[in-house]
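Taking it in order: structure first as C-alpha cells, then the write-up.
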Amino acid sequence: MIKRFISYYKPHKTLFIFDMLASLLVAVIAIFYPIITRYMLNDFIPNKQFRLIVIFGCVLLALYLIRMLLNYFIQYQGHTIGVRMQAQMRSDMFNHLQKLPYKFYDDNETGKIMTRMTNDLWEISELAHHGPENLLISSISIVLSFTYLATINIWLTLIIFACVPFLIIISRALRKRMKEAFTQTREATGQINASIESSISGIRVTKAYTNAKEESDKFEVGNGEFVKCRKKAYKAMGLFHSSTVFVTDVFNVIVLIAGGIFLYNGQIQLGDYTAFIVSVNLFIGPVNTLIGFMEQYQNGVTGFKRFLEIMDTPPEADSEDATPIEGVRGDIRFNDVHYGYDGSSDVLHGLSLDIKQGEIFALVGPSGGGKTTICHLIPHFYRIDRGEIFIDDREIHSITMESLRKNIGIVQQDVYLFNASIRDNILYGRPDASEDEVIEAAKRASIHDFVMTLENGYDTVIGERGVKLSGGQKQRLSIARVFLKNPPILILDEATSALDNTTEILIQKSLDELCKGRTTIVVAHRLSTVKNAHQIAVVDNGKIVEKGTHTELLALDGEYARLIQSAEFGMRNSE
C-alpha cells in the first residue's frame, strides 16, 4: 500500500524535493534560537558585548525572515502537491468507475461512492502534504535538539530522553483504537451521504406522498449512527491526546526538578540551564507534532484503504481473444443461457431464442420473469453463468464490449438525462456528430418543433435528470439520442409504459420510425406495443413458455391469451 501511495508523488518529484529541502531548512533554523540564547546568557551579556548582542540579534531576525519565506513556500507549494495528488487519485477513481461492471453499482450506493471520492481523498491529500513535512521537520528537530541538549549536559539530556519510550508505548497502544473509530466514522459518513442522495433524488415522490417525516426518520437513523461513531472517535482521540499531553507535561516537570538539582549542585551554569529549558521546548514540540501526526496518519491511511477498495475492484474485461465486431447485421441467438444475479439462484434457466436480422421481437410476461435480464445480457452488461449468446454468429465473449455496445441502442422506461443542454444530451448518442445531424435526429424523434419553441433552443439546459421536461419530452430526447447513434440493434425496455395513452401514441410513432431496418427487442406490458411484432415470446420464471405471432399465440389460448385478458398486461381496448 505504501508503494502505491508513494507512486502518486512521482509526477511532482522536483517540487516535492524542494518542499522537503525547505522543511529541512526550517528545522535547522529553529535550533539557532537556543544556541544564540546560550551565547548571550553565558558570554555576551555578562561581558557587556553590546555589538555582538545586536549582530546576533540581527542574524536571528534574518533567519526568521528566511524561515517565513520557507514556511510560505511549504504551505503554498506543499498544499499544491497534495491537491494535485488528490486530483490524480480522483481522476483515476473516476476512470476506474467507468470501467466497473453493472454489478458493482447494484451493490454500492451512489452516496457512498461520492464519499470516497470527496471526503476520503481530501484526507489523503492532507496526509500527502503534511505527512512528509511533519515527519522530516520533527525528526530533524528532535535529532538536532537532542544533540544540542547533549552538548549542554548529557546526563540531563538522557533523563529527558528516557521519557520518550513511555510516550511511544502509549501512542501505539491507543493508535489501534483510533484507527477502528475513524474507519467506522467513514462508513457512517458514507451511509449519511447515500441517504441524502437518495432522499434528494426522490424529493418529488416524497412531496407527492407527503412522506417527509418518514424520510427524516430514515435520515436520523444514519445521522444518529454517525454521531455514535464520531463520539467513539472523539473518545479515542481524547484519550490519546490527554495521555500523550500528560507525558509531555512530565518532560517540563523533570527538566525543572532535575535541572534545578543540577544547578544547585553546580553541575550546570544558569545560562546553560536557561538554554536547556528553551531547547527542551524545541525537543517536546516536534514530539507533539509527531503525536498529532498519528491522528492525521490514521485519517489518511483509512481514506487511502477505502480508495484502494474501489481501485482494486476488477473492471469489466474483454476476453483475451476478443476482437471488435464490424458490419453488424443484427442476428441474435441465445443458446441454453443460465444466469443469476447473486451467482446462486438462476434468473434465466436454460433460455434459448433466435432473433433474425430486422425482426421486431417482443418479450412479454409477468414481472420478474427475466425479460429485462435478457435485455441486459445482449450488450454484455453481465457475464452469463452458462450457455452462449451470439451476435451474427459470433459469441459475445469473443467481441470487445465497446464495439458490441456501439452497435446497440437502448431506450428504457427510466430515461436518464444529464444536467446539460438539449444538444449535449442528444450528442451523447454520437459526440462527433454535426449540428445538422443533431437536428435531423431530433426531427425524426418528433422533438425538434418543441425545441424550437424554447427561448434558447438546443442550448436550453434541462436540469438534473431532465426535470424541466415532461415524461414524453424526455422519452423523445432519448429516442433522438438513439437515432443519432444509428445502431443496427435496438432494445426498447418498457419504453412507453410510464406514459399516458395519448403521449404513448405520439411516442410510438417515433419508435416505429426508429425500429425501421433494425433488429428490435421490445419489452412491454401493453398490447398496442407488441401485437405487430414479428415474433412474441412469453417469458416466465426465466424460461420461454410460448413463442409465435400475436395471432398464433391467441389461437393457442395459453399464457399469452391469459396475459391479454389480465389487468397486468392491459391496453386490450387498443387492439
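Labels for the C-alpha cells follow display order: chains A, B, ..., residues from 1 in each chain, ligands from 1.
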
Item to check | DSSP helix (DSSP H, G or I) residues within stretch 311-510 of chain A, as a PyMOL selection string | outcome: chain A and resi 311+371-377+396-398+401-406+422-427+435-444+448-452+457-459+464-466+471-485+501-510

Next on the checklist: Env of A:Asn42: 6 Å cut, atoms = only C-alpha atoms, seq-sep filter 3 positions within chain, self excluded. Answer as an MDAnalysis selection string.
Outcome noted: chainID A and resid 38:39 271

Item to check | Spatial neighbours of A:Val347, 6 Å, only C-alpha atoms, chain gap at least 6 places, as number ranges by chain | outcome: A: 339-340, 542

Checklist outcome for this item: atom CA of A:Asp312 sits from atom CA of A:Tyr9 at a separation of 19.7 Å

Stretch 220-259 of chain A near stretch 294-301 of chain A within 12 Å: what's each residue's closest atom pair and its distance in Å to one decimal, counting only C-alpha atoms, ordered by chain then ascending residue number, as a Markdown table?
| residue | atom | partner | partner_atom | distance |
| --- | --- | --- | --- | --- |
| A:Ala233 | CA | A:Glu295 | CA | 10.4 |
| A:Tyr234 | CA | A:Glu295 | CA | 10.9 |
| A:Ala236 | CA | A:Glu295 | CA | 10.2 |
| A:Met237 | CA | A:Glu295 | CA | 7.8 |
| A:Gly238 | CA | A:Glu295 | CA | 11.1 |
| A:Phe240 | CA | A:Glu295 | CA | 9.2 |
| A:His241 | CA | A:Glu295 | CA | 9.6 |
| A:Thr244 | CA | A:Met294 | CA | 11.4 |

Item to check | From A:Ile396, A:Leu52, A:Ile310, A:Leu156, residue lying nearest A:Ile268 [only C-alpha atoms] | outcome: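 The shortest atom-to-atom distance to A:Ile268 comes from A:Leu156.
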
Next on the checklist: Here is a test: counting only C-alpha atoms, which residue of A:Ser470, A:Ala30, A:Asn456, A:Ile254 is nearest to A:Leu158?
Outcome noted: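 Looking at the shortest contact to A:Leu158, the residue is A:Ile254.
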
Next on the checklist: Report as a PyMOL selection string all protein, DNA and RNA residues lying within 6 Å of stretch 480-483 of chain A, evaluated on only C-alpha atoms, omitting residues in the same chain fewer than 4 positions from it.
Outcome noted: chain A and resi 409+426+429+441-442+445

Go ahead and save the picked residues with N, CA and C atoms, as a PDB file, in the first residue's frame.
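In the end it all went to out-v2.pdb:
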ATOM      1  N   GLY A 409     -28.547   0.138 -29.432  1.00  0.00           N
ATOM      2  CA  GLY A 409     -29.207   1.308 -28.860  1.00  0.00           C
ATOM      3  C   GLY A 409     -30.253   0.858 -27.853  1.00  0.00           C
ATOM      4  N   ILE A 426     -28.492  15.051 -26.713  1.00  0.00           N
ATOM      5  CA  ILE A 426     -28.648  14.291 -27.962  1.00  0.00           C
ATOM      6  C   ILE A 426     -27.284  13.803 -28.454  1.00  0.00           C
ATOM      7  N   GLY A 429     -25.425  10.393 -27.943  1.00  0.00           N
ATOM      8  CA  GLY A 429     -25.526   9.228 -28.823  1.00  0.00           C
ATOM      9  C   GLY A 429     -24.331   9.078 -29.734  1.00  0.00           C
ATOM     10  N   ALA A 441     -31.797  14.137 -36.177  1.00  0.00           N
ATOM     11  CA  ALA A 441     -32.187  13.135 -35.184  1.00  0.00           C
ATOM     12  C   ALA A 441     -33.366  13.628 -34.352  1.00  0.00           C
ATOM     13  N   ALA A 442     -33.343  14.907 -33.980  1.00  0.00           N
ATOM     14  CA  ALA A 442     -34.442  15.495 -33.205  1.00  0.00           C
ATOM     15  C   ALA A 442     -35.737  15.496 -34.015  1.00  0.00           C
ATOM     16  N   ALA A 445     -37.218  12.108 -34.128  1.00  0.00           N
ATOM     17  CA  ALA A 445     -37.784  11.744 -32.822  1.00  0.00           C
ATOM     18  C   ALA A 445     -38.962  12.645 -32.452  1.00  0.00           C
TER      19      ALA A 445
END

Item to check | One-decimal distance in Å that lies between atom CA of A:Leu60 and atom CA of A:Ile152 | outcome: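 Rounded to one decimal, the two atoms are 20.5 Å apart.
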
Item to check | 7 Å contact set for A:Met311, only C-alpha atoms, chain neighbours under 3 positions out, as a list of chain:residue names | outcome: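 Near neighbours after the sequence-gap exclusion: A:Met93, A:His96, A:Phe307, A:Leu308.
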
Grab the residues selected above and save them as a PDB file, in the first residue's frame with C-alpha atoms.
ATOM      1  CA  MET A  93     -11.049   6.608  -9.433  1.00  0.00           C
ATOM      2  CA  HIS A  96     -11.908   3.189 -12.965  1.00  0.00           C
ATOM      3  CA  PHE A 307      -9.751   4.401  -2.187  1.00  0.00           C
ATOM      4  CA  LEU A 308      -7.883   1.172  -2.933  1.00  0.00           C
TER       5      LEU A 308
END

Checklist entry - Which value, in Å to one decimal, gives the distance between atom CA of A:Leu15 and atom CA of A:Phe73? => result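 The value is 10.4 Å.
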
Item to check | Spatial neighbours of A:Asp120, 8 Å, only C-alpha atoms, chain gap at least 6 places, as a VMD selection string | outcome: chain A and resid 186 300 302 to 304 306 to 307

For the residues in the current selection, export N, CA and C atoms as an mmCIF file, in the first residue's frame.
data_model
loop_
_atom_site.group_PDB
_atom_site.id
_atom_site.type_symbol
_atom_site.label_atom_id
_atom_site.label_comp_id
_atom_site.auth_asym_id
_atom_site.auth_seq_id
_atom_site.Cartn_x
_atom_site.Cartn_y
_atom_site.Cartn_z
ATOM 1 N N ARG A 186 -15.951 6.814 8.854
ATOM 2 C CA ARG A 186 -16.000 6.897 7.395
ATOM 3 C C ARG A 186 -17.238 6.167 6.857
ATOM 4 N N GLY A 300 -5.685 9.638 6.904
ATOM 5 C CA GLY A 300 -5.207 9.463 5.534
ATOM 6 C C GLY A 300 -5.131 8.010 5.118
ATOM 7 N N THR A 302 -6.766 5.429 6.415
ATOM 8 C CA THR A 302 -8.118 4.885 6.302
ATOM 9 C C THR A 302 -8.745 5.294 4.976
ATOM 10 N N GLY A 303 -8.587 6.576 4.611
ATOM 11 C CA GLY A 303 -9.120 7.051 3.337
ATOM 12 C C GLY A 303 -8.467 6.363 2.150
ATOM 13 N N PHE A 304 -7.139 6.143 2.216
ATOM 14 C CA PHE A 304 -6.437 5.513 1.098
ATOM 15 C C PHE A 304 -6.843 4.045 0.957
ATOM 16 N N ARG A 306 -9.784 2.842 1.665
ATOM 17 C CA ARG A 306 -11.109 2.861 1.034
ATOM 18 C C ARG A 306 -10.994 3.226 -0.450
ATOM 19 N N PHE A 307 -10.039 4.078 -0.786
ATOM 20 C CA PHE A 307 -9.751 4.401 -2.187
ATOM 21 C C PHE A 307 -9.292 3.152 -2.934
#

Item to check | For A:Arg423, the nearest of the candidates A:His534, A:Arg116, A:His448, A:His130, counting only C-alpha atoms | outcome: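 That would be A:His448, the residue with the smallest distance to A:Arg423.
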
Checklist entry - Closest to A:Asn223 among A:Thr289, A:Ile192, A:Gly57, A:Val245, using only C-alpha atoms? => result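 When distances to A:Asn223 are compared using only C-alpha atoms, the smallest one comes from A:Ile192.
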
Checklist outcome for this item: Restricting to only C-alpha atoms, whichever of A:Val545, A:Met401, A:Ala362, A:Met1 is closest to A:Thr519 is A:Ala362

Checklist entry - In stretch 168-398 of chain A, what's strand (DSSP E or B) per DSSP? Answer as number ranges by chain? => result A: 323, 332-339, 348-355, 360-364, 386-391, 394-395
